[in-house]
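To be precise, the following lines are query18.txt, and they hold compact mmCIF, C-alpha atoms.
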# COMPACT_ATOMS: atom_id res chain seq x y z
CA MET L 1 -18.41 5.09 64.58
CA PRO L 2 -16.46 3.57 61.62
CA LYS L 3 -16.97 5.13 58.22
CA LEU L 4 -19.09 3.02 55.88
CA ALA L 5 -17.50 2.20 52.54
CA ASP L 6 -18.96 3.79 49.43
CA HIS L 7 -18.97 0.70 47.23
CA ASP L 8 -19.75 2.49 43.97
CA GLN L 9 -16.94 4.95 44.63
CA ARG L 10 -14.53 2.12 45.39
CA ARG L 11 -15.47 0.26 42.20
CA THR L 12 -14.95 3.46 40.23
CA GLN L 13 -11.56 3.94 41.88
CA ILE L 14 -10.56 0.45 40.75
CA THR L 15 -11.87 0.72 37.18
CA ASP L 16 -10.27 4.17 36.80
CA ALA L 17 -6.97 2.64 37.85
CA ALA L 18 -7.46 -0.21 35.38
CA ARG L 19 -8.12 2.31 32.60
CA ARG L 20 -4.84 4.07 33.35
CA VAL L 21 -2.90 0.80 33.44
CA ILE L 22 -4.41 -0.43 30.17
CA ALA L 23 -3.91 2.90 28.37
CA ARG L 24 -0.30 3.09 29.51
CA ASP L 25 0.86 -0.55 29.41
CA GLY L 26 -1.73 -2.58 27.50
CA LEU L 27 -4.51 -4.86 28.57
CA GLY L 28 -2.18 -7.72 29.42
CA ALA L 29 -0.60 -5.56 32.12
CA ALA L 30 -3.93 -5.12 33.95
CA THR L 31 -3.60 -7.63 36.77
CA PHE L 32 -4.96 -7.58 40.32
CA GLN L 33 -1.51 -6.51 41.49
CA SER L 34 -0.92 -3.72 38.96
CA VAL L 35 -4.42 -2.27 39.31
CA ALA L 36 -4.21 -2.38 43.12
CA ALA L 37 -0.87 -0.58 43.02
CA GLU L 38 -2.23 2.02 40.59
CA ALA L 39 -5.28 2.60 42.79
CA GLY L 40 -3.21 2.69 46.00
CA ILE L 41 -5.19 -0.10 47.63
CA SER L 42 -4.61 -3.74 48.53
CA VAL L 43 -4.88 -6.63 46.09
CA ARG L 44 -7.38 -8.19 48.47
CA LEU L 45 -9.68 -5.18 48.09
CA VAL L 46 -9.64 -5.46 44.29
CA GLN L 47 -10.47 -9.15 44.63
CA TYR L 48 -13.28 -8.32 47.05
CA TYR L 49 -15.01 -6.06 44.53
CA PHE L 50 -14.11 -8.07 41.43
CA GLY L 51 -13.61 -11.75 42.09
CA THR L 52 -11.93 -12.53 38.77
CA LYS L 53 -9.74 -10.70 36.30
CA ARG L 54 -12.51 -11.03 33.71
CA GLN L 55 -14.96 -9.29 36.05
CA PHE L 56 -12.80 -6.22 36.58
CA LEU L 57 -11.85 -6.07 32.91
CA LEU L 58 -15.50 -6.12 31.83
CA ALA L 59 -16.37 -3.55 34.50
CA THR L 60 -13.61 -1.34 33.14
CA HIS L 61 -14.89 -1.71 29.58
CA HIS L 62 -18.41 -0.90 30.77
CA ALA L 63 -17.14 2.22 32.59
CA VAL L 64 -15.50 3.52 29.40
CA VAL L 65 -18.64 2.91 27.36
CA ALA L 66 -20.86 4.48 30.04
CA ASP L 67 -18.71 7.63 30.10
CA ALA L 68 -18.97 7.86 26.31
CA GLY L 69 -22.75 7.58 26.63
CA THR L 70 -22.75 10.44 29.13
CA ARG L 71 -20.74 12.58 26.71
CA PHE L 72 -23.16 11.78 23.87
CA THR L 73 -26.15 12.73 26.02
CA SER L 74 -24.51 15.97 27.11
CA ARG L 75 -23.56 16.90 23.56
CA LEU L 76 -26.99 16.09 22.15
CA SER L 77 -28.64 18.24 24.82
CA THR L 78 -26.94 21.27 23.28
CA LEU L 79 -28.63 20.76 19.90
CA GLY L 80 -32.07 21.99 20.90
CA ALA L 81 -35.51 20.39 20.98
CA ASP L 82 -35.67 19.01 17.43
CA PRO L 83 -32.22 18.72 15.87
CA ARG L 84 -31.80 17.60 12.28
CA PRO L 85 -30.55 14.02 11.77
CA HIS L 86 -27.32 15.31 10.19
CA GLU L 87 -26.62 17.35 13.34
CA VAL L 88 -27.38 14.40 15.63
CA ILE L 89 -25.14 12.00 13.75
CA ARG L 90 -22.31 14.53 13.50
CA ALA L 91 -22.52 15.25 17.23
CA ILE L 92 -22.33 11.56 18.09
CA LEU L 93 -19.42 10.85 15.77
CA THR L 94 -17.33 13.86 16.73
CA GLU L 95 -17.61 12.77 20.36
CA LEU L 96 -15.89 9.52 19.32
CA LEU L 97 -12.81 11.35 18.10
CA PRO L 98 -9.88 11.21 20.56
CA ALA L 99 -9.52 14.98 20.58
CA ASP L 100 -8.54 15.36 24.25
CA ALA L 101 -6.53 13.39 26.81
CA ASP L 102 -9.49 11.56 28.37
CA ARG L 103 -11.05 10.51 25.07
CA ARG L 104 -7.67 9.48 23.74
CA ARG L 105 -7.04 7.31 26.81
CA ASP L 106 -10.46 5.70 26.54
CA THR L 107 -10.00 5.08 22.82
CA VAL L 108 -6.72 3.29 23.53
CA VAL L 109 -8.49 1.23 26.20
CA LEU L 110 -11.32 0.22 23.85
CA ASN L 111 -8.83 -0.68 21.12
CA SER L 112 -6.96 -2.83 23.63
CA PHE L 113 -10.18 -4.73 24.35
CA HIS L 114 -10.90 -5.24 20.64
CA ALA L 115 -7.41 -6.61 20.08
CA ALA L 116 -7.61 -8.79 23.20
CA ALA L 117 -10.85 -10.34 21.96
CA LEU L 118 -8.76 -12.05 19.28
CA THR L 119 -6.21 -13.62 21.62
CA GLU L 120 -7.03 -13.26 25.33
CA PRO L 121 -9.17 -15.82 27.21
CA ASP L 122 -10.59 -13.16 29.55
CA VAL L 123 -12.17 -11.11 26.74
CA ALA L 124 -14.61 -12.46 24.13
CA ALA L 125 -15.54 -10.70 20.91
CA GLU L 126 -19.14 -10.46 22.10
CA ASP L 127 -17.96 -8.45 25.11
CA THR L 128 -16.82 -5.62 22.83
CA LEU L 129 -19.65 -5.41 20.31
CA GLY L 130 -22.39 -3.72 22.34
CA ALA L 131 -21.19 -0.15 21.81
CA PRO L 132 -20.64 -0.42 18.02
CA ARG L 133 -24.05 -2.06 17.61
CA PHE L 134 -25.66 0.73 19.63
CA LEU L 135 -24.00 3.34 17.41
CA VAL L 136 -25.21 1.60 14.26
CA ARG L 137 -28.78 1.48 15.60
CA ALA L 138 -28.72 5.13 16.69
CA ILE L 139 -27.39 6.31 13.32
CA ALA L 140 -29.78 4.08 11.36
CA GLU L 141 -32.67 5.62 13.31
CA GLN L 142 -31.56 9.09 12.25
CA LEU L 143 -31.20 7.96 8.63
CA HIS L 144 -34.76 6.60 8.74
CA ARG L 145 -35.93 10.03 9.92
CA VAL L 146 -34.30 11.95 7.12
CA ARG L 147 -35.17 9.51 4.34
CA GLU L 148 -38.84 9.10 5.34
CA ASP L 149 -39.13 5.70 3.69
CA ALA L 150 -40.44 2.82 5.79
CA THR L 151 -40.15 0.05 3.21
CA PRO L 152 -38.07 -2.98 4.23
CA SER L 153 -35.49 -2.29 1.52
CA ALA L 154 -35.10 1.32 2.68
CA GLU L 155 -34.72 0.22 6.29
CA ARG L 156 -32.07 -2.28 5.28
CA ALA L 157 -30.25 0.39 3.27
CA ALA L 158 -30.25 2.70 6.29
CA GLU L 159 -28.78 -0.05 8.47
CA LEU L 160 -26.03 -0.78 5.94
CA ASP L 161 -25.25 2.91 5.54
CA ALA L 162 -25.09 3.28 9.33
CA GLU L 163 -22.58 0.44 9.46
CA LEU L 164 -20.49 2.13 6.78
CA ILE L 165 -20.57 5.42 8.69
CA VAL L 166 -19.47 3.74 11.93
CA ALA L 167 -16.74 1.78 10.13
CA GLY L 168 -15.49 4.93 8.39
CA THR L 169 -15.45 6.87 11.64
CA SER L 170 -13.55 4.05 13.34
CA GLY L 171 -10.86 4.38 10.69
CA LEU L 172 -10.65 8.13 11.29
CA VAL L 173 -10.34 7.51 15.03
CA GLN L 174 -7.38 5.20 14.36
CA THR L 175 -5.77 7.91 12.23
CA LEU L 176 -5.99 10.39 15.09
CA LEU L 177 -4.46 7.94 17.54
CA VAL L 178 -1.26 7.70 15.53
CA ASP L 179 -1.21 11.19 13.99
CA ASP L 180 -1.86 13.95 16.52
CA GLY L 181 -1.66 16.59 13.80
CA ALA L 182 -4.49 15.09 11.76
CA GLU L 183 -7.45 16.48 13.71
CA ALA L 184 -8.46 19.17 11.20
CA ARG L 185 -8.15 16.71 8.30
CA VAL L 186 -10.07 14.03 10.18
CA VAL L 187 -12.96 16.40 10.93
CA GLU L 188 -12.98 17.48 7.28
CA LEU L 189 -13.08 13.83 6.18
CA LEU L 190 -15.88 13.07 8.66
CA ASP L 191 -17.92 15.97 7.31
CA ARG L 192 -17.26 14.81 3.76
CA LEU L 193 -18.49 11.32 4.64
CA LEU L 194 -21.66 12.64 6.29
CA ASP L 195 -22.39 15.07 3.45
CA ARG L 196 -22.51 12.10 1.10
CA MET L 197 -24.51 9.79 3.36
CA VAL L 198 -26.82 12.11 5.30
CA PRO L 199 -28.68 15.04 3.71
CA ALA L 200 -28.10 18.22 5.71
Structure encoded using structure tokens:
Amino acid sequence: MPKLADHDQRRTQITDAARRVIARDGLGAATFQSVAAEAGISVRLVQYYFGTKRQFLLATHHAVVADAGTRFTSRLSTLGADPRPHEVIRAILTELLPADADRRRDTVVLNSFHAAALTEPDVAAEDTLGAPRFLVRAIAEQLHRVREDATPSAERAAELDAELIVAGTSGLVQTLLVDDGAEARVVELLDRLLDRMVPA
């Protein structure tokens, strides 16, 4: 009896290959042909699972974001039943830092998508904004908890502060991408930012 294809596994094989191609050669290099070669499968099979280049690019972006979400969940589970907001925010943000090979690769991939949104027809700016918006909401929620002020002005302040925290962390992530020796300084800067924005 012929073996039935595991479609989820095959899609993962293709998006993993696309991640490697993009991290190594840039988003423009991720074609049906290059991804098929990287995955060791036929171009026709990539086209079967993802009918257009845009579809497999967006699936690749989604896979990177989903893996980050899994890391966040795993990290937060180590904090106990009722962690302090400062701990929660720090755990989330330190997981964003490209401190190992996988996170560095995925950070390069996400940056490639952000840059492509400015120039490439297959990627729109809206395609890349879901994860940053989620981070802002998650951090704003923690700021609401610690500040215990439900007035509209306080809620707006928490949202603005959350945006500043995400923007600041994004800058620190960029520093680590180009300066491998900066990890200790980046973590110190992240802690300094949080100490000023989030009461411990």
inquiry  = Could you list, as a list in words, every residue within 12 Å of Gln55 (chain L), counting all atoms listed in the file and ignoring same-chain residues fewer than 4 positions away?
reply    = Arg11, Ile14, Thr15, Ala18, Ala30, Thr31, Phe32, Val46, Gln47, Tyr48, Tyr49, Phe50, Gly51, Ala59, Thr60, His61, His62, Asp122, Val123 and Asp127 of chain L
request  = Quick one: everything within 9 Å of region 66-77 of chain L, counting only C-alpha atoms, minus sequence neighbours fewer than 6 positions away in the same chain. Send it as an NGL selection string.
outcome  = :L and (83 or 87-88 or 91-93 or 95-96 or 103 or 106)
query = What is the CA of Thr107 (chain L)-CA of Ala184 (chain L) distance in Å, reported with one decimal?
reply =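 It comes out at 18.3 Å.
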request  = Would you please work out which residue, of L:Leu194, L:Ala23, L:Leu79, L:Val109, is nearest to Asp161 (chain L) when using only C-alpha atoms?
outcome  =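 Going through L:Leu194, L:Ala23, L:Leu79, L:Val109 one by one, the smallest distance to Asp161 (chain L) is for L:Leu194.
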Point-to-point distance from CA of Thr94 (chain L) to CA of Ser153 (chain L), Å rounded to tenths =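 These two atoms are separated by 28.7 Å.
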task = Find the distance between CA of Ala162 (chain L) and CA of Pro199 (chain L) and write it in Å to one decimal.
result = 13.5 Å
query = Between L:Leu58, L:Ser34, L:Arg104, L:Ile41, which is the closest to Thr128 (chain L) once you count all atoms listed in the file?
reply =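 The closest residue to Thr128 (chain L) is L:Leu58.
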task = Can you work out which one of L:Ala200, L:His114, L:Glu148, L:Val65 has the shortest atom-to-atom distance to Leu135 (chain L), counting all atoms listed in the file?
result = L:Val65
Contacts of Ile22 (chain L) at 9 Å or less, counting only C-alpha atoms, minus same-chain residues fewer than 5 places along, as a PDB file with C-alpha atoms, in the coordinates of the input?
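And here's result37.pdb as it stands now:
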ATOM      1  CA  ALA L  17      -6.970   2.640  37.850  1.00  0.00           C
ATOM      2  CA  LEU L  27      -4.510  -4.860  28.570  1.00  0.00           C
ATOM      3  CA  GLY L  28      -2.180  -7.720  29.420  1.00  0.00           C
ATOM      4  CA  ALA L  29      -0.600  -5.560  32.120  1.00  0.00           C
ATOM      5  CA  ALA L  30      -3.930  -5.120  33.950  1.00  0.00           C
ATOM      6  CA  ARG L 105      -7.040   7.310  26.810  1.00  0.00           C
ATOM      7  CA  VAL L 108      -6.720   3.290  23.530  1.00  0.00           C
ATOM      8  CA  VAL L 109      -8.490   1.230  26.200  1.00  0.00           C
ATOM      9  CA  SER L 112      -6.960  -2.830  23.630  1.00  0.00           C
TER      10      SER L 112
END
inquiry  = Considering all atoms listed in the file, can you say which of L:Lys53, L:Arg192, L:Arg44, L:Arg133 comes closest to Glu159 (chain L)?
reply    = L:Arg133
Please return as a PDB file with C-alpha atoms, in the coordinates of the input every residue within 12 Å of (-35.6, 2.6, 9.4), taking into account only C-alpha atoms and the file's own coordinates.
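The resulting file, selection23.pdb, is shown below:
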ATOM      1  CA  VAL L 136     -25.210   1.600  14.260  1.00  0.00           C
ATOM      2  CA  ARG L 137     -28.780   1.480  15.600  1.00  0.00           C
ATOM      3  CA  ALA L 138     -28.720   5.130  16.690  1.00  0.00           C
ATOM      4  CA  ILE L 139     -27.390   6.310  13.320  1.00  0.00           C
ATOM      5  CA  ALA L 140     -29.780   4.080  11.360  1.00  0.00           C
ATOM      6  CA  GLU L 141     -32.670   5.620  13.310  1.00  0.00           C
ATOM      7  CA  GLN L 142     -31.560   9.090  12.250  1.00  0.00           C
ATOM      8  CA  LEU L 143     -31.200   7.960   8.630  1.00  0.00           C
ATOM      9  CA  HIS L 144     -34.760   6.600   8.740  1.00  0.00           C
ATOM     10  CA  ARG L 145     -35.930  10.030   9.920  1.00  0.00           C
ATOM     11  CA  VAL L 146     -34.300  11.950   7.120  1.00  0.00           C
ATOM     12  CA  ARG L 147     -35.170   9.510   4.340  1.00  0.00           C
ATOM     13  CA  GLU L 148     -38.840   9.100   5.340  1.00  0.00           C
ATOM     14  CA  ASP L 149     -39.130   5.700   3.690  1.00  0.00           C
ATOM     15  CA  ALA L 150     -40.440   2.820   5.790  1.00  0.00           C
ATOM     16  CA  THR L 151     -40.150   0.050   3.210  1.00  0.00           C
ATOM     17  CA  PRO L 152     -38.070  -2.980   4.230  1.00  0.00           C
ATOM     18  CA  SER L 153     -35.490  -2.290   1.520  1.00  0.00           C
ATOM     19  CA  ALA L 154     -35.100   1.320   2.680  1.00  0.00           C
ATOM     20  CA  GLU L 155     -34.720   0.220   6.290  1.00  0.00           C
ATOM     21  CA  ARG L 156     -32.070  -2.280   5.280  1.00  0.00           C
ATOM     22  CA  ALA L 157     -30.250   0.390   3.270  1.00  0.00           C
ATOM     23  CA  ALA L 158     -30.250   2.700   6.290  1.00  0.00           C
ATOM     24  CA  GLU L 159     -28.780  -0.050   8.470  1.00  0.00           C
ATOM     25  CA  LEU L 160     -26.030  -0.780   5.940  1.00  0.00           C
ATOM     26  CA  ASP L 161     -25.250   2.910   5.540  1.00  0.00           C
ATOM     27  CA  ALA L 162     -25.090   3.280   9.330  1.00  0.00           C
TER      28      ALA L 162
END
inquiry  = Env of Leu172 (chain L): 9 Å cut, atoms = all atoms listed in the file, seq-sep filter 5 positions within chain, self excluded. Answer as a PyMOL selection string.
reply    = chain L and resi 97+167+177+186-187+189-190
task = Measuring atom to atom with all atoms listed in the file, identify which of L:Gln13, L:Thr78, L:Thr52, L:Thr119 is nearest to Ala36 (chain L).
result =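 Of L:Gln13, L:Thr78, L:Thr52, L:Thr119, the one nearest Ala36 (chain L), counting all atoms listed in the file, is L:Gln13.
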